[in-house]
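Trainee: Below is a structure I'd like to ask you about.
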Amino acid sequence: MSDIVELRRYTLRPGQRDVLIELFDREFVETQEATGMRILGQFRDLGDPDQFVWVRSFPDMAVRKSALTDFYSGPAWKAHAAAANATMIDVDNVLLLHPAGQRGDFQLDPAARDTPASSQVVATIYDLPEPVDDALVGFFETTVIPLLEKAGATPFGLMQTEYADNDFPGLPIRTGVHKLVSFTSYPSSTTPADIGAKLAAMAEWVDTVAGRLPEAEQLILTPTDRSLLR
């Protein structure tokens, strides 16, 4: 169960993304998980060669505080922090989330890590004027998700803003925002545009979904071979 989730988007120095990914996947997966958190996904953003996106989770806020304290004061970060920080320009674009609804929590295959990743992942970040309500979550679960599946996508997570105070201020998160974030996987042979065309051709989508969805930002991502989310 991923009760507390961080969606982290880092802006890197030009040409440094693969440098950070190699370091991250080698040194920062098991060492973070040893503190009680879980590293769920590491991605290249296809829309920006200098963006690294990753996702981690915690059982609750208390574990988050203790796990972050342990990791960032521990030997792995001390040994490699300088090399990691040298690749980065901005690391403050972070959403704190929790699962939304009955189908919200991530569907994970632990055996996927360290196998070739050939899928694309789309994180659709809906911007809302007020907190997510049960009606919107229910709409996604009963209408949006089944139609995405019908179009050939694989929805595997639905998250909403977590409003708990950030008690690890050394790592800022975005506040004063209301987000619903949908995570969907696509085969490598299929593009999000292909899925979009199929949805646009569905009367059910046009009549019941298209005009009701909030404004959204889409991140089109390719997972690293160490990513569980794919």
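As shown in the structure tokens, the chain order sets the letters A, B, ...; within each chain, residues go from 1, and ligands are also counted from 1 in the order they appear.
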For Phe71 of chain A, please output as a ChimeraX atom specification all residues within 12 Å (counting only C-alpha atoms; exclusion window: fewer than 5 positions along the same chain).
Mentor: /A:27-37,63-66,76-81
Trainee: I'd like the contact shell of segment 156-160 of chain A - 6 Å cut-off, only C-alpha atoms, skipping same-chain residues fewer than 3 positions apart - returned as a list of chain:residue names.
Mentor: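 Counting only the stated atoms, we get A:Leu97, A:His98, A:Pro99, A:Ala100, A:Gly104, A:Asp105, A:Phe106, A:Gln107, A:Lys179, A:Leu180, A:Val181, A:Ser182, A:Phe183, A:Thr184.
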Trainee: Take the residues just selected and output them with N, CA and C atoms as a PDB file, in the first residue's frame.
Mentor:
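Written output follows (result-v6.pdb):
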ATOM      1  N   LEU A  97       1.254  13.162  -2.495  1.00  0.00           N
ATOM      2  CA  LEU A  97       0.006  12.565  -2.939  1.00  0.00           C
ATOM      3  C   LEU A  97      -0.364  11.373  -2.063  1.00  0.00           C
ATOM      4  N   HIS A  98      -1.621  10.934  -2.210  1.00  0.00           N
ATOM      5  CA  HIS A  98      -2.030   9.642  -1.664  1.00  0.00           C
ATOM      6  C   HIS A  98      -3.041   9.010  -2.624  1.00  0.00           C
ATOM      7  N   PRO A  99      -3.250   7.693  -2.537  1.00  0.00           N
ATOM      8  CA  PRO A  99      -4.152   7.038  -3.481  1.00  0.00           C
ATOM      9  C   PRO A  99      -5.571   7.590  -3.392  1.00  0.00           C
ATOM     10  N   ALA A 100      -6.214   7.658  -4.558  1.00  0.00           N
ATOM     11  CA  ALA A 100      -7.587   8.159  -4.651  1.00  0.00           C
ATOM     12  C   ALA A 100      -8.517   7.005  -4.978  1.00  0.00           C
ATOM     13  N   GLY A 104      -7.049   3.351  -6.671  1.00  0.00           N
ATOM     14  CA  GLY A 104      -6.007   4.351  -6.825  1.00  0.00           C
ATOM     15  C   GLY A 104      -4.592   3.859  -6.626  1.00  0.00           C
ATOM     16  N   ASP A 105      -4.390   2.921  -5.706  1.00  0.00           N
ATOM     17  CA  ASP A 105      -3.029   2.536  -5.357  1.00  0.00           C
ATOM     18  C   ASP A 105      -2.333   1.871  -6.540  1.00  0.00           C
ATOM     19  N   PHE A 106      -1.015   2.053  -6.596  1.00  0.00           N
ATOM     20  CA  PHE A 106      -0.244   1.530  -7.709  1.00  0.00           C
ATOM     21  C   PHE A 106      -0.318   0.009  -7.785  1.00  0.00           C
ATOM     22  N   GLN A 107      -0.448  -0.482  -9.012  1.00  0.00           N
ATOM     23  CA  GLN A 107      -0.384  -1.905  -9.273  1.00  0.00           C
ATOM     24  C   GLN A 107       1.051  -2.224  -9.696  1.00  0.00           C
ATOM     25  N   LYS A 179      -4.458  18.633  -6.854  1.00  0.00           N
ATOM     26  CA  LYS A 179      -4.137  17.837  -8.027  1.00  0.00           C
ATOM     27  C   LYS A 179      -4.773  16.450  -7.952  1.00  0.00           C
ATOM     28  N   LEU A 180      -5.174  15.972  -9.114  1.00  0.00           N
ATOM     29  CA  LEU A 180      -5.515  14.567  -9.311  1.00  0.00           C
ATOM     30  C   LEU A 180      -4.562  14.061 -10.382  1.00  0.00           C
ATOM     31  N   VAL A 181      -3.857  12.974 -10.098  1.00  0.00           N
ATOM     32  CA  VAL A 181      -2.819  12.499 -11.012  1.00  0.00           C
ATOM     33  C   VAL A 181      -3.144  11.064 -11.427  1.00  0.00           C
ATOM     34  N   SER A 182      -3.296  10.876 -12.716  1.00  0.00           N
ATOM     35  CA  SER A 182      -3.570   9.560 -13.288  1.00  0.00           C
ATOM     36  C   SER A 182      -2.307   9.016 -13.942  1.00  0.00           C
ATOM     37  N   PHE A 183      -1.969   7.773 -13.635  1.00  0.00           N
ATOM     38  CA  PHE A 183      -0.814   7.106 -14.226  1.00  0.00           C
ATOM     39  C   PHE A 183      -1.305   5.986 -15.136  1.00  0.00           C
ATOM     40  N   THR A 184      -0.801   5.988 -16.363  1.00  0.00           N
ATOM     41  CA  THR A 184      -1.249   5.032 -17.368  1.00  0.00           C
ATOM     42  C   THR A 184      -0.050   4.523 -18.141  1.00  0.00           C
TER      43      THR A 184
END
Trainee: For Leu23 of chain A, which residue out of A:Met202, A:Ala216, A:Leu228, A:Ala86 is the nearest one, using only C-alpha atoms?
Mentor: A:Ala86
Trainee: Got a sec: who's within 9 Å of segment 49-61 of chain A, counting only C-alpha atoms, leaving out chain neighbours fewer than 5 positions off, as a ChimeraX atom specification?
Mentor: /A:1-17,20-21,36-44,66-67,164-167,221,227,229
